[in-house]
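Each remark here refers to the structure printed beneath this line.
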Amino acid sequence: MADVDRTVLASVGLGALALLWRIRVAGRYDGHEEEDWGNLEIVRGVVDSNFGYVETEHMPLFAWVSAVVARLVGDVPLACVSVAVVAGAVAVGLTVWIGEKHLGRGVGIGAGALLVLQPEALLYSATPLRESLYMALALGGMAAVAARHAPAAGGLLALAFLARFNAAFTLLPALAWWAWRTDDPALKRKLAGAAAGIAVVVLLWAGFYHSETGNWTFWGGVVSANTGNAVTDLSVSERLVASGGAVLGVFGWVLPAHVGWAVVPLAAWGGWRAWLSAEEGPRWIGLCTVATLALLAVTAVMTTYDRTHNLWWKWITPSVPLLLLLAVYGALEAARGRNERLVQVAAVVLATATVLGYSWETDRQQELSEVRYGTQVDLAKWAEEAWPAGTSVLTEGIPASYLRSRRSSTPVLLWTDPSLPHDDPAAFGEWLLAHRVGLVMWYREEWTGAAEAAGYLAAPEPRALGRAKLEPVVDERSYGLIAFQVLGPGIPEPTRPAPAVAGRLGR
């Protein structure tokens, strides 16, 4: 009973610390990429449709839960961040519980303490991403399997699939294999039943996806968006080189740089020791870790993304708690029977180096986010607050999602609008005046359609477009954004100058 009380206290204590730290970071972090802000728009669609809208290219659970909270608090952004923050704290508490109960005393506390600060676990549970909800449900399911609670395991892992579909390719096969390998007939039946229940949920979602899109491969859209011509145009030899380089980049750089240069080798050792263990807990956690890493390797082979691509930061998150658990487990196994004082010194040195690395990477991502995404959101806020209601903004991506998710009084026009004139500056100027556009946000990124419609705006210079004049106010090169204030008949002046964002001109 004392051990249980200690485990509960440690889980709740570190979970509470994680909650407070994530709340603090949430007020200063501007997101990982466009998906953060796109999720706000999806949740707004669910709320406005009275839960009748389902966005098929993303699993629906995060949007559903956030929409329920949004109904209660009346604020979509607050609801989405709240769900992510609470789920991130729960994931920390569950990591502590799993480690203490199934890997040995001190394992969960050490792994949980690191998870409080690990950059991706921290940042992506302080923004509207589904990663932390997935990890909370996945870890809950793993804990239920380790505790032999098959019904709870099946329910939690099915929910994890509805949060992120990669559970179907990692945790479901792991559970099926675990059920097949166990020597306990009663447990075999229960775990097989849980795996079958998850498989039914997967098939039901595939059926729904087919009814909406005409095909069964619910993962196809995501795969297509992250491969495309950059992969299909490669020869076989080029593809092998690119895939091999991507795998080496992920496992030789991304994981060590983000999870810890000492953590990864210790996790490898811990995984090996877990597999040799006679106890079920370590072997089960090791199996889940291998499953998540295997999917990560397959992703590298398919996408061939360079190690500097920021999507890797998000894609490694399901593996992070498991690697930390195995690393601490491996460290304790390696220290067993060694000089106690020497082990303590080594532990302090490695933990300090890891935490310092976490701090540096967290600061780096926050600064990058502030420049790339915070600039766009601050400009959207400026358009909303400094111009009279009804003054439009021409934009794309993040600002559009932000304004629409809030039901803003600022009309949003997109570069893909079919009525927008292409390659005709004078006609474009008249279009801006006719639609009462006060702010133009031009993007260098091809997918936005801005360069195709108005390539002549590619430099931050004053422009005369017939009766309309464009005055550049921001040139942010990291993301590729130029913002222009529109001057002309019928266009009101803003009540205050452009915010002090990255790339602001005239400061």
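Simple scheme: letters A, B, ... for chains in structure tokens order, numbers from 1 for residues in each chain, numbers from 1 for ligands in the order shown.
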Using only C-alpha atoms, I'd like a table of the residues in region 76-124 of chain A that come within 12 Å of region 334-355 of chain A; for each, show the closest atom pair and its distance in Å rounded to one decimal, ordered by chain and ascending number, as CSV.
```
residue,atom,partner,partner_atom,distance
A:Gly110,CA,A:Ala351,CA,9.3
A:Ala111,CA,A:Ala351,CA,10.6
A:Ala113,CA,A:Val355,CA,9.8
A:Leu114,CA,A:Val355,CA,7.3
A:Leu115,CA,A:Val355,CA,10.1
A:Val116,CA,A:Val355,CA,10.2
A:Leu117,CA,A:Val355,CA,7.3
A:Gln118,CA,A:Val355,CA,7.8
A:Pro119,CA,A:Val355,CA,9.8
```
Writing out the chosen residues with C-alpha atoms as a PDB file, in the first residue's frame:
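Output below, filename selection-v1.pdb:
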```pdb
ATOM      1  CA  GLY A 110      13.115   9.975 -13.629  1.00  0.00           C
ATOM      2  CA  ALA A 111      11.300   9.581 -16.962  1.00  0.00           C
ATOM      3  CA  ALA A 113      10.688  14.542 -14.676  1.00  0.00           C
ATOM      4  CA  LEU A 114      12.419  14.583 -18.063  1.00  0.00           C
ATOM      5  CA  LEU A 115       9.079  14.479 -19.889  1.00  0.00           C
ATOM      6  CA  VAL A 116       7.959  17.630 -18.071  1.00  0.00           C
ATOM      7  CA  LEU A 117      10.720  19.516 -19.912  1.00  0.00           C
ATOM      8  CA  GLN A 118      11.284  17.572 -23.152  1.00  0.00           C
ATOM      9  CA  PRO A 119      10.737  20.112 -25.980  1.00  0.00           C
TER      10      PRO A 119
END
```
Can you pull out the residues contacting Leu487 (chain A)? Cut-off 12 Å, using only C-alpha atoms, and skip same-chain residues under 3 positions away; I want them as a ChimeraX atom specification. /A:429-430,432-433,436-440,462-472,484,490-494
Pull the closest atom pair for each residue of region 43-156 of chain A that gets at most 9 Å from region 200-224 of chain A, along with the distance in Å to one decimal, counting only C-alpha atoms, ordering rows by chain and then ascending residue number, as a tab-separated table.
```
residue	atom	partner	partner_atom	distance
A:Thr56	CA	A:Tyr209	CA	6.6
A:Glu57	CA	A:Gly221	CA	6.4
A:His58	CA	A:Val222	CA	8.5
```
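Minimum atom-to-atom distance to Gly503 (chain A), evaluated using only C-alpha atoms, belongs to A:Arg372 out of A:Arg372, A:Gly449, A:Met302, A:Tyr443.
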Atom-to-atom span, CA of Phe165 (chain A) and CA of Gly141 (chain A), Å: 14.9 Å
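Among the candidates A:His422, A:His258, A:Arg24, A:Lys381, the one nearest to Ser359 (chain A) when counting only C-alpha atoms is A:His258.
Residue neighbourhood of Val86 (chain A), excluding near-sequence residues (fewer than 5 positions): Gly15, Ala16, Ala18, Leu19, Leu20, Arg22, Ile23, Val81, Ala91, Ser125, Ala126, Ser132, Leu133 and Ala136 of chain A, at 10 Å, using only C-alpha atoms.
Of the residues listed (A:Val263, A:Ile109, A:Ala26, A:Leu40), A:Val263 shows the shortest atom-to-atom separation from Ala327 (chain A); distances use only C-alpha atoms.
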Find the residues around Arg28 (chain A) up to 9 Å (only C-alpha atoms counted), leave out those fewer than 3 positions away in its own chain, and share them as a PyMOL selection string. chain A and resi 24-25+366+370
Filtering to C-alpha atoms, could you give me those residues as a compact mmCIF listing (two decimals), in the first residue's frame?
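Below you can see part.txt, which holds the result:
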```txt
# COMPACT_ATOMS: atom_id res chain seq x y z
CA ARG A 24 2.89 28.97 -18.67
CA VAL A 25 4.34 27.98 -22.05
CA GLN A 366 9.78 29.10 -29.41
CA GLU A 370 7.36 33.56 -32.77
```
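One finds CA of Gly357 (chain A) at 8.8 Å from CA of Val259 (chain A).
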List as an mmCIF file with N, CA and C atoms, in the first residue's frame the protein and nucleic acid residues near region 189-194 of chain A, meaning an atom at most 8 Å away when only C-alpha atoms are counted, but skip any in the same chain fewer than 6 places from it.
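Contents of selection.cif, freshly written:
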```
data_model
loop_
_atom_site.group_PDB
_atom_site.id
_atom_site.type_symbol
_atom_site.label_atom_id
_atom_site.label_comp_id
_atom_site.auth_asym_id
_atom_site.auth_seq_id
_atom_site.Cartn_x
_atom_site.Cartn_y
_atom_site.Cartn_z
ATOM 1 N N VAL A 145 -2.804 -2.641 -20.392
ATOM 2 C CA VAL A 145 -2.298 -3.942 -20.851
ATOM 3 C C VAL A 145 -1.318 -4.505 -19.836
ATOM 4 N N ALA A 150 -7.809 -5.868 -19.701
ATOM 5 C CA ALA A 150 -8.038 -5.908 -21.148
ATOM 6 C C ALA A 150 -9.159 -4.980 -21.617
ATOM 7 N N PRO A 151 -10.317 -4.923 -20.966
ATOM 8 C CA PRO A 151 -11.374 -4.022 -21.465
ATOM 9 C C PRO A 151 -10.931 -2.561 -21.493
ATOM 10 N N ALA A 153 -7.879 -1.520 -21.672
ATOM 11 C CA ALA A 153 -6.853 -1.413 -22.709
ATOM 12 C C ALA A 153 -7.485 -1.249 -24.080
ATOM 13 N N GLY A 154 -8.480 -2.074 -24.379
ATOM 14 C CA GLY A 154 -9.141 -1.988 -25.679
ATOM 15 C C GLY A 154 -9.806 -0.650 -25.898
ATOM 16 N N GLY A 155 -10.513 -0.160 -24.863
ATOM 17 C CA GLY A 155 -11.203 1.117 -25.002
ATOM 18 C C GLY A 155 -10.248 2.283 -25.179
ATOM 19 N N LEU A 175 -0.302 -5.165 -29.585
ATOM 20 C CA LEU A 175 -1.252 -5.842 -28.703
ATOM 21 C C LEU A 175 -1.607 -7.224 -29.235
ATOM 22 N N ALA A 176 -1.814 -7.335 -30.540
ATOM 23 C CA ALA A 176 -2.138 -8.635 -31.137
ATOM 24 C C ALA A 176 -0.987 -9.621 -30.930
ATOM 25 N N TRP A 178 1.249 -9.475 -28.569
ATOM 26 C CA TRP A 178 1.335 -9.757 -27.137
ATOM 27 C C TRP A 178 0.292 -10.800 -26.720
ATOM 28 N N ALA A 179 -0.907 -10.677 -27.281
ATOM 29 C CA ALA A 179 -1.959 -11.657 -26.989
ATOM 30 C C ALA A 179 -1.576 -13.037 -27.503
ATOM 31 N N TRP A 180 -0.960 -13.080 -28.684
ATOM 32 C CA TRP A 180 -0.571 -14.369 -29.268
ATOM 33 C C TRP A 180 0.529 -15.031 -28.460
#
```
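Residues of region 249-436 of chain A assigned to strand (DSSP E or B) by DSSP on this structure's backbone: Ser392, Val393, Leu394, Thr395, Val412, Leu413 and Leu414 of chain A.
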Quick one: write out the picked residues with N, CA and C atoms as an mmCIF file, in the first residue's frame?
```cif
data_model
loop_
_atom_site.group_PDB
_atom_site.id
_atom_site.type_symbol
_atom_site.label_atom_id
_atom_site.label_comp_id
_atom_site.auth_asym_id
_atom_site.auth_seq_id
_atom_site.Cartn_x
_atom_site.Cartn_y
_atom_site.Cartn_z
ATOM 1 N N SER A 392 -11.660 44.024 -45.057
ATOM 2 C CA SER A 392 -11.204 42.665 -45.356
ATOM 3 C C SER A 392 -9.687 42.546 -45.267
ATOM 4 N N VAL A 393 -9.227 41.304 -45.189
ATOM 5 C CA VAL A 393 -7.808 40.989 -45.276
ATOM 6 C C VAL A 393 -7.643 39.892 -46.315
ATOM 7 N N LEU A 394 -6.672 40.051 -47.206
ATOM 8 C CA LEU A 394 -6.328 39.037 -48.210
ATOM 9 C C LEU A 394 -5.151 38.253 -47.682
ATOM 10 N N THR A 395 -5.333 36.972 -47.448
ATOM 11 C CA THR A 395 -4.298 36.192 -46.786
ATOM 12 C C THR A 395 -4.466 34.718 -47.142
ATOM 13 N N VAL A 412 -12.390 37.417 -44.465
ATOM 14 C CA VAL A 412 -11.155 36.789 -44.925
ATOM 15 C C VAL A 412 -11.295 36.435 -46.403
ATOM 16 N N LEU A 413 -10.377 36.925 -47.218
ATOM 17 C CA LEU A 413 -10.306 36.580 -48.635
ATOM 18 C C LEU A 413 -9.027 35.799 -48.870
ATOM 19 N N LEU A 414 -9.106 34.792 -49.731
ATOM 20 C CA LEU A 414 -7.969 33.909 -49.975
ATOM 21 C C LEU A 414 -7.360 34.160 -51.353
#
```
Using only C-alpha atoms, pick whichever of A:Gly260, A:Pro489, A:Pro128, A:Gly108 has the shortest atom-to-atom distance to Val320 (chain A). A:Gly260
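Residue nearest Ala380 (chain A), chosen from A:Lys314, A:Asp183, A:Pro460, A:Pro499 and counting only C-alpha atoms: A:Pro499.
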Just the residues within 8 Å of region 272-282 of chain A, please, counting only C-alpha atoms, with nothing from its chain fewer than 5 positions along; format it as a PyMOL selection string. chain A and resi 102-103+146+326+330+333
